[in-house]
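Undergrad: Before anything else, here's the structure in question.
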Amino acid sequence: MSRLVPEDIAHVRAMLKKHDDELRAQTGRGLLGIAAEAAGLTEKQLKEMVAETRIGVVPLTTGLGIIGGFSDTVQAILSFVGAEVFVTAATDVAGINEALAAGVKQLFMADDLTCSLMDLQSRCTADNGIATGRGFGAALALAAGEIKGKKVAVLGAGPVGRSAVYYFLSKGAKVVLYDKNPACLAHMQSVPGVTLAGSGSEALAAGTLYFEATTARDTITLADMSSETVVSAPGIPLGISDDAMAKHGSQVIQDPLELGVVSMLSCLLAKVAGKYQE
Ligand code: PYL
């Protein structure tokens with residue numbers, strides 16, 4: 001998964017309501033409703049669970065260090081969907097101590113490799129990659145109306161793409177999967193319902209439902225899209241070409257952090273309630 005840079009998330013806080021409205025127009029649900037679907041919850045169930053949260057977001061200086069605006073953006077996203085959440089003044093271990101002293105129920109932390117939301121009492125965790133795959137997978141399924149029996153083209157077999165594959169299979173869809181690195185596909189070829197494609201174009205030729213989870217640009221071009229196409233695109237940077245976005249942007253579900261973070265919340269709360277299986 002790509003490491004965000006401040007520019008990727010600079011506008012997220014100001015655009016939360018607009019993005020929520022866009023998602024509602026595309027899928028019939030906002031951030032909370034899509035995340036609920038991703039975790040197998042009703043929106044009402046999730047809303048009630050979220051109201052009981054008390055989350056500490058702890059900035060971590062490990063590895064490449066703090067990403068400017070990251071913790072505050074996570075706080076704004078979780079607060080937007082009704083969570084009680086704050087960013088600790090201290091970082092790292094001192095920040096964890098500060099959060100515990102403040103009586104948090106959950107901790108949100110991200111280093112360069114793992115981003116996790118943890119529930120202290122149950123010791124359950126939710127991983128950003130897995131939750132992002134389910135959140136953007138649920139968004140595509142909702143936008144498509146019904147994916148049972150349909151073919152979904154998945155570009156990218158990293159943690160996000162693989163999580164989405166399992167989500168689509170759980171909904172009765174067939175998956176045509178491509179990754180430029182054959183090693184990523186090794187353990188996927190024996191999964192029932194998954195067909196491996198020899199190229200991105202071959203995968204995209206399978207139908208009009210696309211899931212883009214690569215770190216490459218222009219994996220989906222204007223020639224790949226029509227008025228029927230729906231794309232769910234968690235990949236950073238965005239994998240859809242500029243001219244395709246200019247013509248079909250309203251058919252593309254994308255954001256750099258919002259849906260993944262809210263899906264971490266829904267997956268964690270569903271796990272704690274014993275209502276969720278990955
Ligand atoms: C969780 C994001 C989603 C996409 N890429 C992932 C990423 O950028 N991970 C690195 C996060 C580092 C955060 C830094 C801080 O500011 O606390 N340690």
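Every chain in the structure tokens has a letter given in the order shown (A, B, ...), and although residue numbers restart at 1 in each chain, ligands are simply numbered from 1 in the order shown.
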Segment 111-121 of chain A: which residues within 9 Å, counting only C-alpha atoms, same-chain residues fewer than 4 positions away excluded, as a VMD selection string?
TA: chain A and resid 1 3 55 57 59 to 66 104 to 107 125 to 129 261 264 to 265 268 to 269 272
Undergrad: Can you check which residues of segment 129-262 of chain A DSSP gives as alpha helix (DSSP H) on the backbone and send them as a ChimeraX atom specification?
TA: /A:129-144,159-170,182-185,200-204,242-248,258-262
Undergrad: Counting only C-alpha atoms and all ligand atoms, which residue out of A:Gln45, A:Gln75, A:Ser190, A:Ser170 sits closest to ligand 1?
TA: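 Among the listed residues, A:Gln75 lies closest to ligand 1.
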Undergrad: For Leu4 of chain A, which of A:Thr42, A:Thr215, A:Thr88, A:Ser227 is the closest residue, counting only C-alpha atoms?
TA: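 Comparing A:Thr42, A:Thr215, A:Thr88, A:Ser227 against Leu4 of chain A, the winner is A:Thr215.
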Undergrad: Near Ile236 of chain A, counting only C-alpha atoms, which residues have an atom at most 10 Å away, once you skip same-chain residues fewer than 3 positions from it, shown as a PyMOL selection string?
TA: chain A and resi 1-4+8+212-217+233+239+254-257
Undergrad: Nearest to ligand 1: which of A:Ala38, A:Val74, A:Ala110, A:Ala139 is it, counting only C-alpha atoms and all ligand atoms?
TA: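 Among the listed residues, A:Ala110 lies closest to ligand 1.
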Undergrad: Record the distance separating atom CA of Val85 of chain A and atom CA of Phe136 of chain A, expressed in Å with one decimal.
TA: 23.4 Å
Undergrad: Using only C-alpha atoms, can you tell me which of A:Gly103, A:Ala138, A:Arg13, A:His187 comes closest to Gly30 of chain A?
TA: A:Ala138
Undergrad: May I ask for the distance between atom CA of Gly200 of chain A and atom CA of Leu177 of chain A, given in Å to one decimal place?
TA: 8.4 Å
Undergrad: At a cut-off of 10 Å, using only C-alpha atoms, what residues contact His19 of chain A? Leave out same-chain residues fewer than 2 positions from it and give the result as a list of chain:residue names.
TA: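 Residues near the query, excluding close chain neighbours: A:Val12, A:Arg13, A:Ala14, A:Met15, A:Leu16, A:Lys17, A:Asp21, A:Glu22, A:Leu23, A:Arg24, A:Ala25, A:Gly30, A:Leu31, A:Ile253, A:Gln254, A:Asp255, A:Glu258, A:Leu259.
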Undergrad: Output N, CA, C and O atoms for every residue in the selection just made, as a compact mmCIF listing (two decimals), in the first residue's frame.
TA:
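The resulting file, out07.txt, is shown below:
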```txt
# COMPACT_ATOMS: atom_id res chain seq x y z
N VAL A 12 -9.18 16.63 2.76
CA VAL A 12 -10.17 15.65 3.25
C VAL A 12 -11.11 16.26 4.28
O VAL A 12 -12.32 16.15 4.18
N ARG A 13 -10.56 16.94 5.28
CA ARG A 13 -11.41 17.48 6.36
C ARG A 13 -12.46 18.43 5.82
O ARG A 13 -13.63 18.35 6.18
N ALA A 14 -12.05 19.31 4.91
CA ALA A 14 -13.00 20.32 4.41
C ALA A 14 -14.05 19.71 3.49
O ALA A 14 -15.14 20.27 3.32
N MET A 15 -13.75 18.54 2.91
CA MET A 15 -14.64 17.94 1.89
C MET A 15 -15.44 16.76 2.42
O MET A 15 -16.09 16.06 1.65
N LEU A 16 -15.42 16.52 3.73
CA LEU A 16 -16.07 15.31 4.26
C LEU A 16 -17.56 15.25 3.90
O LEU A 16 -18.06 14.22 3.43
N LYS A 17 -18.27 16.35 4.13
CA LYS A 17 -19.72 16.34 3.85
C LYS A 17 -19.96 16.16 2.35
O LYS A 17 -20.79 15.35 1.93
N ASP A 21 -21.86 13.01 0.54
CA ASP A 21 -22.99 13.20 -0.40
C ASP A 21 -22.70 12.52 -1.74
O ASP A 21 -23.58 11.90 -2.34
N GLU A 22 -21.45 12.64 -2.20
CA GLU A 22 -21.08 11.99 -3.48
C GLU A 22 -21.24 10.47 -3.37
O GLU A 22 -21.80 9.82 -4.26
N LEU A 23 -20.77 9.91 -2.26
CA LEU A 23 -20.90 8.45 -2.07
C LEU A 23 -22.37 8.05 -2.05
O LEU A 23 -22.76 7.03 -2.63
N ARG A 24 -23.20 8.89 -1.43
CA ARG A 24 -24.63 8.58 -1.36
C ARG A 24 -25.23 8.59 -2.77
O ARG A 24 -26.05 7.72 -3.10
N ALA A 25 -24.79 9.52 -3.58
CA ALA A 25 -25.29 9.59 -4.96
C ALA A 25 -24.83 8.37 -5.76
O ALA A 25 -25.56 7.84 -6.60
N GLY A 30 -23.99 6.71 2.57
CA GLY A 30 -22.82 7.53 2.89
C GLY A 30 -21.72 6.67 3.49
O GLY A 30 -21.80 5.43 3.48
N LEU A 31 -20.70 7.32 4.04
CA LEU A 31 -19.55 6.60 4.60
C LEU A 31 -19.99 5.56 5.63
O LEU A 31 -19.57 4.40 5.58
N ILE A 253 -15.59 5.55 -7.63
CA ILE A 253 -15.66 5.71 -6.16
C ILE A 253 -14.22 5.76 -5.65
O ILE A 253 -13.46 4.81 -5.86
N GLN A 254 -13.83 6.87 -5.07
CA GLN A 254 -12.43 6.98 -4.64
C GLN A 254 -12.30 7.95 -3.48
O GLN A 254 -13.09 8.88 -3.35
N ASP A 255 -11.33 7.70 -2.62
CA ASP A 255 -10.84 8.67 -1.63
C ASP A 255 -9.54 8.12 -1.06
O ASP A 255 -9.27 6.94 -1.16
N GLU A 258 -10.74 8.16 3.78
CA GLU A 258 -12.00 8.20 4.52
C GLU A 258 -12.70 6.84 4.65
O GLU A 258 -13.00 6.37 5.76
N LEU A 259 -12.99 6.20 3.51
CA LEU A 259 -13.78 4.96 3.56
C LEU A 259 -13.00 3.85 4.27
O LEU A 259 -13.59 3.04 5.00
```
Undergrad: Could you check how far atom CA of Glu37 of chain A sits from atom CA of Tyr167 of chain A, in Å to one decimal?
TA: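 Result for atom CA of Glu37 of chain A versus atom CA of Tyr167 of chain A: 10.8 Å, one decimal.
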Undergrad: What parts of segment 100-129 of chain A does DSSP call strand (DSSP E)? I'd like the answer as a PyMOL selection string.
TA: chain A and resi 106-110+115-119+125-127
Undergrad: Residues within 8 Å of Ala206 of chain A, please, as a list of chain:residue names. Count only C-alpha atoms; anything in the same chain fewer than 2 positions from it doesn't count.
TA: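 Result of the neighbour search: A:Lys151, A:Val152, A:Ala153, A:Val176, A:Glu202, A:Ala203, A:Leu204, A:Thr208.
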Undergrad: Include N, CA, C and O atoms and write out the residues we just selected as a PDB file, in the first residue's frame.
TA:
```
ATOM      1  N   LYS A 151     -19.321 -10.740 -12.884  1.00  0.00           N
ATOM      2  CA  LYS A 151     -17.857 -10.781 -12.877  1.00  0.00           C
ATOM      3  C   LYS A 151     -17.321  -9.417 -12.467  1.00  0.00           C
ATOM      4  O   LYS A 151     -17.754  -8.386 -12.997  1.00  0.00           O
ATOM      5  N   VAL A 152     -16.363  -9.424 -11.540  1.00  0.00           N
ATOM      6  CA  VAL A 152     -15.701  -8.196 -11.111  1.00  0.00           C
ATOM      7  C   VAL A 152     -14.224  -8.296 -11.492  1.00  0.00           C
ATOM      8  O   VAL A 152     -13.572  -9.304 -11.188  1.00  0.00           O
ATOM      9  N   ALA A 153     -13.709  -7.279 -12.162  1.00  0.00           N
ATOM     10  CA  ALA A 153     -12.282  -7.238 -12.498  1.00  0.00           C
ATOM     11  C   ALA A 153     -11.549  -6.562 -11.345  1.00  0.00           C
ATOM     12  O   ALA A 153     -11.885  -5.432 -10.957  1.00  0.00           O
ATOM     13  N   VAL A 176     -12.142 -11.749 -11.736  1.00  0.00           N
ATOM     14  CA  VAL A 176     -11.016 -11.906 -12.669  1.00  0.00           C
ATOM     15  C   VAL A 176      -9.914 -11.002 -12.135  1.00  0.00           C
ATOM     16  O   VAL A 176     -10.096  -9.788 -12.021  1.00  0.00           O
ATOM     17  N   GLU A 202      -7.031  -7.752 -20.110  1.00  0.00           N
ATOM     18  CA  GLU A 202      -7.794  -9.018 -20.125  1.00  0.00           C
ATOM     19  C   GLU A 202      -8.772  -9.041 -18.956  1.00  0.00           C
ATOM     20  O   GLU A 202      -9.937  -9.413 -19.097  1.00  0.00           O
ATOM     21  N   ALA A 203      -8.312  -8.585 -17.812  1.00  0.00           N
ATOM     22  CA  ALA A 203      -9.206  -8.553 -16.633  1.00  0.00           C
ATOM     23  C   ALA A 203     -10.354  -7.580 -16.870  1.00  0.00           C
ATOM     24  O   ALA A 203     -11.524  -7.910 -16.635  1.00  0.00           O
ATOM     25  N   LEU A 204     -10.047  -6.404 -17.388  1.00  0.00           N
ATOM     26  CA  LEU A 204     -11.084  -5.371 -17.575  1.00  0.00           C
ATOM     27  C   LEU A 204     -12.091  -5.776 -18.644  1.00  0.00           C
ATOM     28  O   LEU A 204     -13.229  -5.295 -18.642  1.00  0.00           O
ATOM     29  N   THR A 208     -18.089  -4.849 -16.575  1.00  0.00           N
ATOM     30  CA  THR A 208     -18.098  -3.383 -16.388  1.00  0.00           C
ATOM     31  C   THR A 208     -17.942  -2.988 -14.920  1.00  0.00           C
ATOM     32  O   THR A 208     -18.091  -1.828 -14.572  1.00  0.00           O
TER      33      THR A 208
END
```
Undergrad: I'd like to know which of A:Ala173, A:Ala270, A:Leu155, A:Leu222 is closest to Ala39 of chain A, using only C-alpha atoms.
TA: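 Ranked by minimum distance to Ala39 of chain A, first place goes to A:Ala270.
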